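coords31.cif (mmCIF, C-alpha atoms and all ligand atoms) appears below.
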```
data_work
loop_
_atom_site.group_PDB
_atom_site.id
_atom_site.type_symbol
_atom_site.label_atom_id
_atom_site.label_comp_id
_atom_site.auth_asym_id
_atom_site.auth_seq_id
_atom_site.Cartn_x
_atom_site.Cartn_y
_atom_site.Cartn_z
ATOM 1 C CA MET A 4 -4.107 1.608 89.843
ATOM 2 C CA THR A 5 -6.500 4.092 91.463
ATOM 3 C CA PHE A 6 -10.214 3.354 91.728
ATOM 4 C CA THR A 7 -11.095 5.914 89.040
ATOM 5 C CA GLU A 8 -8.389 4.557 86.692
ATOM 6 C CA HIS A 9 -9.956 1.141 87.120
ATOM 7 C CA LEU A 10 -13.438 2.536 86.318
ATOM 8 C CA TYR A 11 -12.143 4.473 83.332
ATOM 9 C CA GLU A 12 -10.462 1.415 81.859
ATOM 10 C CA LYS A 13 -13.374 -0.901 82.511
ATOM 11 C CA LEU A 14 -15.992 1.402 81.007
ATOM 12 C CA GLN A 15 -14.037 2.454 77.915
ATOM 13 C CA PRO A 16 -16.440 0.608 75.552
ATOM 14 C CA ILE A 17 -19.365 2.821 76.707
ATOM 15 C CA TRP A 18 -17.238 5.977 76.766
ATOM 16 C CA ARG A 19 -16.181 5.279 73.159
ATOM 17 C CA LYS A 20 -19.861 4.951 72.240
ATOM 18 C CA ASN A 21 -20.555 8.327 73.870
ATOM 19 C CA HIS A 22 -17.816 9.969 71.808
ATOM 20 C CA ALA A 23 -19.041 8.266 68.639
ATOM 21 C CA HIS A 24 -22.691 9.241 69.158
ATOM 22 C CA PRO A 25 -24.013 11.233 66.164
ATOM 23 C CA PHE A 26 -25.089 14.082 68.472
ATOM 24 C CA VAL A 27 -21.503 14.513 69.678
ATOM 25 C CA LYS A 28 -19.920 13.926 66.256
ATOM 26 C CA GLU A 29 -22.243 16.369 64.500
ATOM 27 C CA MET A 30 -21.698 19.007 67.174
ATOM 28 C CA GLY A 31 -17.978 18.661 66.385
ATOM 29 C CA ASP A 32 -18.318 18.985 62.614
ATOM 30 C CA GLY A 33 -21.021 21.652 62.934
ATOM 31 C CA THR A 34 -23.721 19.695 61.065
ATOM 32 C CA LEU A 35 -25.976 19.016 64.064
ATOM 33 C CA ASP A 36 -29.612 19.907 63.399
ATOM 34 C CA GLN A 37 -30.423 23.012 65.464
ATOM 35 C CA ASP A 38 -33.732 21.547 66.608
ATOM 36 C CA LYS A 39 -31.905 18.620 68.179
ATOM 37 C CA PHE A 40 -29.597 20.991 70.047
ATOM 38 C CA ARG A 41 -32.579 23.111 71.045
ATOM 39 C CA PHE A 42 -34.243 20.024 72.555
ATOM 40 C CA TYR A 43 -30.980 19.174 74.318
ATOM 41 C CA MET A 44 -30.635 22.677 75.829
ATOM 42 C CA ILE A 45 -34.105 22.596 77.306
ATOM 43 C CA GLN A 46 -33.659 19.141 78.815
ATOM 44 C CA ASP A 47 -30.192 20.047 80.044
ATOM 45 C CA TYR A 48 -31.587 23.076 81.845
ATOM 46 C CA ILE A 49 -33.956 20.801 83.759
ATOM 47 C CA TYR A 50 -31.068 18.417 84.371
ATOM 48 C CA LEU A 51 -28.911 21.208 85.852
ATOM 49 C CA ILE A 52 -31.558 22.124 88.408
ATOM 50 C CA ASP A 53 -31.521 18.630 89.903
ATOM 51 C CA TYR A 54 -27.781 18.311 89.435
ATOM 52 C CA SER A 55 -27.329 21.408 91.603
ATOM 53 C CA LYS A 56 -29.152 19.603 94.389
ATOM 54 C CA LEU A 57 -26.440 16.929 94.308
ATOM 55 C CA PHE A 58 -23.947 19.639 95.276
ATOM 56 C CA ALA A 59 -26.178 20.699 98.148
ATOM 57 C CA ILE A 60 -26.376 17.091 99.371
ATOM 58 C CA GLY A 61 -22.588 16.843 98.857
ATOM 59 C CA ALA A 62 -22.115 19.783 101.247
ATOM 60 C CA VAL A 63 -24.196 17.932 103.845
ATOM 61 C CA LYS A 64 -22.268 14.671 103.394
ATOM 62 C CA ALA A 65 -18.757 16.172 103.120
ATOM 63 C CA THR A 66 -16.420 15.116 105.903
ATOM 64 C CA ASN A 67 -14.234 18.211 106.063
ATOM 65 C CA LEU A 68 -14.632 21.972 105.712
ATOM 66 C CA GLU A 69 -12.599 22.221 102.532
ATOM 67 C CA ASP A 70 -14.814 19.793 100.586
ATOM 68 C CA MET A 71 -17.937 21.284 102.165
ATOM 69 C CA GLY A 72 -16.844 24.729 100.935
ATOM 70 C CA LYS A 73 -16.150 23.387 97.450
ATOM 71 C CA PHE A 74 -19.605 21.806 97.184
ATOM 72 C CA ALA A 75 -21.138 25.090 98.372
ATOM 73 C CA GLU A 76 -19.130 26.991 95.745
ATOM 74 C CA LEU A 77 -20.277 24.570 93.030
ATOM 75 C CA LEU A 78 -23.888 24.928 94.091
ATOM 76 C CA ASN A 79 -23.557 28.704 93.859
ATOM 77 C CA SER A 80 -21.707 28.763 90.530
ATOM 78 C CA THR A 81 -24.027 26.246 88.860
ATOM 79 C CA MET A 82 -27.222 27.917 90.059
ATOM 80 C CA ASN A 83 -26.173 31.551 89.742
ATOM 81 C CA GLU A 84 -23.674 31.545 86.882
ATOM 82 C CA GLU A 85 -23.879 28.420 84.725
ATOM 83 C CA MET A 86 -27.664 28.462 84.556
ATOM 84 C CA ALA A 87 -27.636 32.162 83.601
ATOM 85 C CA LEU A 88 -25.188 31.305 80.813
ATOM 86 C CA HIS A 89 -27.508 28.495 79.765
ATOM 87 C CA ARG A 90 -30.401 30.963 79.544
ATOM 88 C CA GLN A 91 -28.320 33.367 77.411
ATOM 89 C CA TYR A 92 -27.109 30.545 75.174
ATOM 90 C CA ALA A 93 -30.663 29.221 74.831
ATOM 91 C CA GLU A 94 -31.827 32.659 73.671
ATOM 92 C CA ARG A 95 -29.625 32.297 70.604
ATOM 93 C CA PHE A 96 -31.688 29.251 69.659
ATOM 94 C CA GLY A 97 -34.912 31.168 70.132
ATOM 95 C CA ILE A 98 -35.681 29.543 73.486
ATOM 96 C CA SER A 99 -37.272 32.024 75.894
ATOM 97 C CA ASN A 100 -36.831 31.984 79.675
ATOM 98 C CA GLU A 101 -40.486 31.145 79.928
ATOM 99 C CA GLU A 102 -40.073 28.079 77.733
ATOM 100 C CA LEU A 103 -37.152 26.940 79.883
ATOM 101 C CA GLU A 104 -39.013 27.476 83.140
ATOM 102 C CA ASN A 105 -42.131 25.655 81.928
ATOM 103 C CA ALA A 106 -40.411 22.767 80.179
ATOM 104 C CA GLU A 107 -41.343 19.236 81.093
ATOM 105 C CA ALA A 108 -38.695 16.589 81.744
ATOM 106 C CA SER A 109 -38.450 13.818 79.148
ATOM 107 C CA PRO A 110 -38.521 10.197 80.409
ATOM 108 C CA VAL A 111 -34.727 9.888 80.150
ATOM 109 C CA THR A 112 -34.058 13.221 81.914
ATOM 110 C CA LEU A 113 -36.426 12.265 84.692
ATOM 111 C CA ALA A 114 -34.938 8.780 85.086
ATOM 112 C CA TYR A 115 -31.357 10.079 85.045
ATOM 113 C CA THR A 116 -31.838 12.950 87.510
ATOM 114 C CA HIS A 117 -33.969 10.882 89.867
ATOM 115 C CA TYR A 118 -31.470 8.039 89.846
ATOM 116 C CA MET A 119 -28.677 10.462 90.788
ATOM 117 C CA LEU A 120 -30.764 12.079 93.508
ATOM 118 C CA TYR A 121 -31.785 8.685 94.906
ATOM 119 C CA SER A 122 -28.121 7.573 95.069
ATOM 120 C CA ALA A 123 -27.097 10.866 96.678
ATOM 121 C CA GLN A 124 -29.869 10.999 99.231
ATOM 122 C CA ASN A 125 -29.754 7.375 100.297
ATOM 123 C CA GLY A 126 -26.056 6.617 99.923
ATOM 124 C CA THR A 127 -22.670 7.609 101.281
ATOM 125 C CA LEU A 128 -20.570 10.529 100.017
ATOM 126 C CA ALA A 129 -18.726 7.990 97.838
ATOM 127 C CA GLU A 130 -22.032 6.892 96.265
ATOM 128 C CA LEU A 131 -22.983 10.513 95.581
ATOM 129 C CA LEU A 132 -19.614 11.040 93.873
ATOM 130 C CA ALA A 133 -19.976 7.858 91.809
ATOM 131 C CA ALA A 134 -23.327 9.218 90.586
ATOM 132 C CA LEU A 135 -22.066 12.679 89.615
ATOM 133 C CA LEU A 136 -18.607 11.857 88.288
ATOM 134 C CA PRO A 137 -19.466 10.439 84.811
ATOM 135 C CA CYS A 138 -21.290 13.679 84.020
ATOM 136 C CA MET A 139 -18.281 15.874 84.803
ATOM 137 C CA TRP A 140 -15.625 13.549 83.521
ATOM 138 C CA SER A 141 -17.250 12.506 80.262
ATOM 139 C CA TYR A 142 -18.092 16.139 79.370
ATOM 140 C CA TRP A 143 -14.500 17.126 79.924
ATOM 141 C CA GLU A 144 -13.252 14.262 77.710
ATOM 142 C CA ILE A 145 -15.804 15.078 75.009
ATOM 143 C CA GLY A 146 -15.037 18.818 75.230
ATOM 144 C CA LYS A 147 -11.317 18.157 74.803
ATOM 145 C CA GLU A 148 -11.871 15.794 71.859
ATOM 146 C CA LEU A 149 -14.193 18.203 70.045
ATOM 147 C CA ASN A 150 -11.780 21.073 70.674
ATOM 148 C CA GLU A 151 -9.238 19.150 68.551
ATOM 149 C CA VAL A 152 -11.566 19.175 65.530
ATOM 150 C CA PRO A 153 -10.315 22.017 63.283
ATOM 151 C CA GLY A 154 -12.657 25.011 63.491
ATOM 152 C CA ALA A 155 -15.077 23.335 65.921
ATOM 153 C CA CYS A 156 -14.587 25.819 68.750
ATOM 154 C CA ASP A 157 -15.234 28.731 66.369
ATOM 155 C CA HIS A 158 -18.599 27.399 65.213
ATOM 156 C CA GLU A 159 -21.182 30.142 65.666
ATOM 157 C CA LEU A 160 -23.657 27.896 67.479
ATOM 158 C CA TYR A 161 -21.778 24.992 69.038
ATOM 159 C CA GLY A 162 -18.348 26.609 69.546
ATOM 160 C CA GLU A 163 -19.260 28.062 72.913
ATOM 161 C CA TRP A 164 -20.357 24.677 74.253
ATOM 162 C CA ILE A 165 -17.040 23.143 73.158
ATOM 163 C CA LYS A 166 -15.001 25.999 74.656
ATOM 164 C CA MET A 167 -16.824 25.751 77.964
ATOM 165 C CA TYR A 168 -16.296 22.021 78.466
ATOM 166 C CA SER A 169 -12.713 21.897 77.185
ATOM 167 C CA SER A 170 -11.622 24.844 79.344
ATOM 168 C CA GLU A 171 -8.875 24.546 81.925
ATOM 169 C CA GLU A 172 -11.256 25.745 84.612
ATOM 170 C CA PHE A 173 -13.671 22.951 83.839
ATOM 171 C CA GLY A 174 -10.806 20.446 83.686
ATOM 172 C CA GLU A 175 -9.777 21.434 87.219
ATOM 173 C CA LEU A 176 -13.303 20.835 88.425
ATOM 174 C CA ALA A 177 -13.429 17.371 86.847
ATOM 175 C CA GLN A 178 -10.007 16.605 88.322
ATOM 176 C CA TRP A 179 -11.165 17.652 91.805
ATOM 177 C CA CYS A 180 -14.110 15.300 91.495
ATOM 178 C CA ILE A 181 -11.894 12.411 90.338
ATOM 179 C CA GLU A 182 -9.531 12.915 93.289
ATOM 180 C CA LEU A 183 -12.374 13.149 95.769
ATOM 181 C CA MET A 184 -13.859 9.928 94.368
ATOM 182 C CA ASP A 185 -10.526 8.168 94.886
ATOM 183 C CA LYS A 186 -10.235 9.475 98.447
ATOM 184 C CA ALA A 187 -13.795 8.460 99.267
ATOM 185 C CA ALA A 188 -13.241 4.948 97.858
ATOM 186 C CA GLU A 189 -10.133 4.378 100.001
ATOM 187 C CA GLY A 190 -10.532 1.602 102.545
ATOM 188 C CA LYS A 191 -14.006 0.567 101.313
ATOM 189 C CA SER A 192 -14.912 -3.123 101.321
ATOM 190 C CA GLU A 193 -15.152 -5.116 98.080
ATOM 191 C CA GLU A 194 -18.914 -5.061 98.392
ATOM 192 C CA GLU A 195 -19.003 -1.270 98.714
ATOM 193 C CA LEU A 196 -16.636 -0.833 95.764
ATOM 194 C CA GLN A 197 -18.961 -3.016 93.688
ATOM 195 C CA LYS A 198 -21.841 -0.729 94.595
ATOM 196 C CA LEU A 199 -19.840 2.361 93.558
ATOM 197 C CA GLU A 200 -18.948 0.687 90.277
ATOM 198 C CA GLU A 201 -22.595 -0.128 89.635
ATOM 199 C CA ILE A 202 -23.663 3.504 90.199
ATOM 200 C CA PHE A 203 -20.836 4.829 88.020
ATOM 201 C CA LEU A 204 -21.804 2.345 85.288
ATOM 202 C CA ASN A 205 -25.455 3.353 85.422
ATOM 203 C CA THR A 206 -24.847 7.103 85.218
ATOM 204 C CA THR A 207 -22.357 6.476 82.378
ATOM 205 C CA ARG A 208 -25.155 4.611 80.588
ATOM 206 C CA TYR A 209 -27.499 7.503 81.284
ATOM 207 C CA GLU A 210 -25.016 9.911 79.687
ATOM 208 C CA TYR A 211 -25.292 7.859 76.484
ATOM 209 C CA MET A 212 -29.064 7.775 76.769
ATOM 210 C CA PHE A 213 -29.166 11.560 77.212
ATOM 211 C CA TRP A 214 -27.369 12.108 73.862
ATOM 212 C CA ASP A 215 -29.654 9.598 72.227
ATOM 213 C CA MET A 216 -32.781 11.138 73.730
ATOM 214 C CA ALA A 217 -31.730 14.604 72.462
ATOM 215 C CA TYR A 218 -30.810 13.313 68.998
ATOM 216 C CA ASN A 219 -34.194 11.670 68.604
ATOM 217 C CA ARG A 220 -36.052 14.419 70.508
ATOM 218 C CA GLU A 221 -37.638 11.684 72.540
ATOM 219 C CA MET A 222 -40.559 12.717 74.722
ATOM 220 C CA TRP A 223 -43.338 10.693 76.337
ATOM 221 C CA PRO A 224 -45.099 8.324 73.910
ATOM 222 C CA THR A 225 -48.496 9.926 74.581
ATOM 223 C CA ASP A 226 -49.320 13.619 74.089
ATOM 224 C CA GLU A 227 -51.379 14.077 77.239
HETATM 225 C C1 LIG A 301 -26.667 15.443 80.677
HETATM 226 C C2 LIG A 301 -25.497 16.247 81.115
HETATM 227 N N1 LIG A 301 -24.438 15.601 81.599
HETATM 228 C C3 LIG A 301 -23.385 16.308 82.017
HETATM 229 C C4 LIG A 301 -23.370 17.674 81.963
HETATM 230 C C5 LIG A 301 -22.187 18.463 82.426
HETATM 231 N N2 LIG A 301 -22.376 19.126 83.664
HETATM 232 C C6 LIG A 301 -23.509 19.361 84.275
HETATM 233 S S1 LIG A 301 -23.301 20.160 85.763
HETATM 234 C C7 LIG A 301 -21.696 20.173 85.581
HETATM 235 C C8 LIG A 301 -20.766 20.704 86.580
HETATM 236 C C9 LIG A 301 -21.133 21.967 87.184
HETATM 237 O O1 LIG A 301 -21.071 23.006 86.367
HETATM 238 C C10 LIG A 301 -21.364 19.577 84.393
HETATM 239 C C11 LIG A 301 -20.016 19.407 83.935
HETATM 240 C C12 LIG A 301 -24.498 18.320 81.445
HETATM 241 N N3 LIG A 301 -24.556 19.672 81.365
HETATM 242 N N4 LIG A 301 -25.551 17.584 81.034
#
```
Representation of the structure as structure tokens:
Amino acid sequence: MTFTEHLYEKLQPIWRKNHAHPFVKEMGDGTLDQDKFRFYMIQDYIYLIDYSKLFAIGAVKATNLEDMGKFAELLNSTMNEEMALHRQYAERFGISNEELENAEASPVTLAYTHYMLYSAQNGTLAELLAALLPCMWSYWEIGKELNEVPGACDHELYGEWIKMYSSEEFGELAQWCIELMDKAAEGKSEEELQKLEEIFLNTTRYEYMFWDMAYNREMWPTDE
């Protein structure tokens, strides 16, 4: 069994909870409240900015030119293509560029992105990959599952999201990340593998918390 197969099997209970979360379910059946999705889009935009930095750190920590080039490509495509798509998509929900640029991170967004950046900056390449993999992998799994719901990918608001994350292109990206995680875990001590598992578990938990935060439009408890 590969390291990622082991992680996947062990963390199935949380992954099932992610798939069963009302935000995900309602996106699939098209009943999700637009204001919840609007909140999600804004927080996800902030998330993507910090996520892009993980790719930049990945390029620094890569051990060969091929992986370094791939991280550089991902940094470019996320910053210069995916974020532009996000801005266009957000416009359909009445979210202006200005609102996106000035948005403040919610407590969960801040905790999640800072945890990933801390792991990436202070850890090995394997630790960086353990931090970023649940994001890629779980979105691919969710995208594929929602794509199976009849009519879901044609929904006028949420269809595009489902198409993007269930696409073959995105699947290849997730697969690349899974393979790189397995390569990076090869030959690591039991103690190091435990550390990787802990990071993967925590970012998997944060994925759940991100859905929950968006569903409840959870901001700071004080208005100041
Ligand atoms: C909270 C949250 N988790 C995961 C993703 C998915 N995601 C973010 S960056 C990236 C890869 C580069 O395009 C992917 C798949 C998201 N958008 N928001």
Check: Within 7 Å of ligand LIG 301 (chain A), counting only C-alpha atoms and all ligand atoms, which protein or nucleic acid residues do you find, written as a list in words?
Finding: Asp47, Tyr50, Leu51, Tyr54, Leu77, Thr81, Glu85, Cys138, Met139, Tyr142, Glu210 and Phe213 of chain A
Margin query: Could you tell me how far CA of Tyr218 in chain A sits from CA of His24 in chain A, in Å to one decimal place?
Written below: 9.1 Å
Mind giving me the axis-aligned box for range 119-123 of chain A with 6 Å on every side, centre plus edges in Å to one decimal, as lines of an AutoDock Vina configuration file?
```
center_x = -29.4
center_y = 9.8
center_z = 93.7
size_x = 16.7
size_y = 16.5
size_z = 17.9
```
Next item on the list: In Å, rounded to a single decimal, give me how far CA of Ser80 in chain A is from CA of Glu171 in chain A.
Entry: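 The value is 16.0 Å.
Of the residues under consideration (A:Val111, A:Leu176, A:Met82, A:Leu183), A:Val111 shows the shortest atom-to-atom contact distance to Glu221 in chain A when counting all atoms listed in the file.
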Next item on the list: Run the PyMOL selection byres (((chain A and resi 61) around 9) and not hetatm) against the file shown and list the residues it catches, as a ChimeraX atom specification.
Entry: /A:56-60,62-65,70-71,74-75,123,128,131-132
Export C-alpha atoms of the chosen residues as a CSV table (one decimal), in the frame of the given file?
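So again31.csv came out as:
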```csv
chain,number,residue,atom,x,y,z
A,56,LYS,CA,-29.2,19.6,94.4
A,57,LEU,CA,-26.4,16.9,94.3
A,58,PHE,CA,-23.9,19.6,95.3
A,59,ALA,CA,-26.2,20.7,98.1
A,60,ILE,CA,-26.4,17.1,99.4
A,62,ALA,CA,-22.1,19.8,101.2
A,63,VAL,CA,-24.2,17.9,103.8
A,64,LYS,CA,-22.3,14.7,103.4
A,65,ALA,CA,-18.8,16.2,103.1
A,70,ASP,CA,-14.8,19.8,100.6
A,71,MET,CA,-17.9,21.3,102.2
A,74,PHE,CA,-19.6,21.8,97.2
A,75,ALA,CA,-21.1,25.1,98.4
A,123,ALA,CA,-27.1,10.9,96.7
A,128,LEU,CA,-20.6,10.5,100.0
A,131,LEU,CA,-23.0,10.5,95.6
A,132,LEU,CA,-19.6,11.0,93.9
```
Notebook entry, point to check: Any chance you could work out the residue set of the PyMOL selection byres (((chain A and resi 95-101) around 9) and not hetatm) here, as a PyMOL selection string?
Noted result: chain A and resi 37-38+40-41+44-45+90-94+102-106+160
Item checked: Two-atom distance - CA of Glu144 in chain A, CA of Gly162 in chain A (Å) -> 15.7 Å
Notebook entry, point to check: For Ser169 in chain A, which of A:Met30, A:Leu149, A:Ala129, A:Leu88 is the closest residue, counting all atoms listed in the file?
Noted result: A:Leu149
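If you measure from each of A:Ala87, A:Met119, A:Met222, A:Val152 to Pro137 in chain A using only C-alpha atoms, the closest one turns out to be A:Met119.
Using only C-alpha atoms, the smallest distance between any of A:Lys147, A:His9, A:His89, A:Lys20 and Tyr43 in chain A comes from A:His89.
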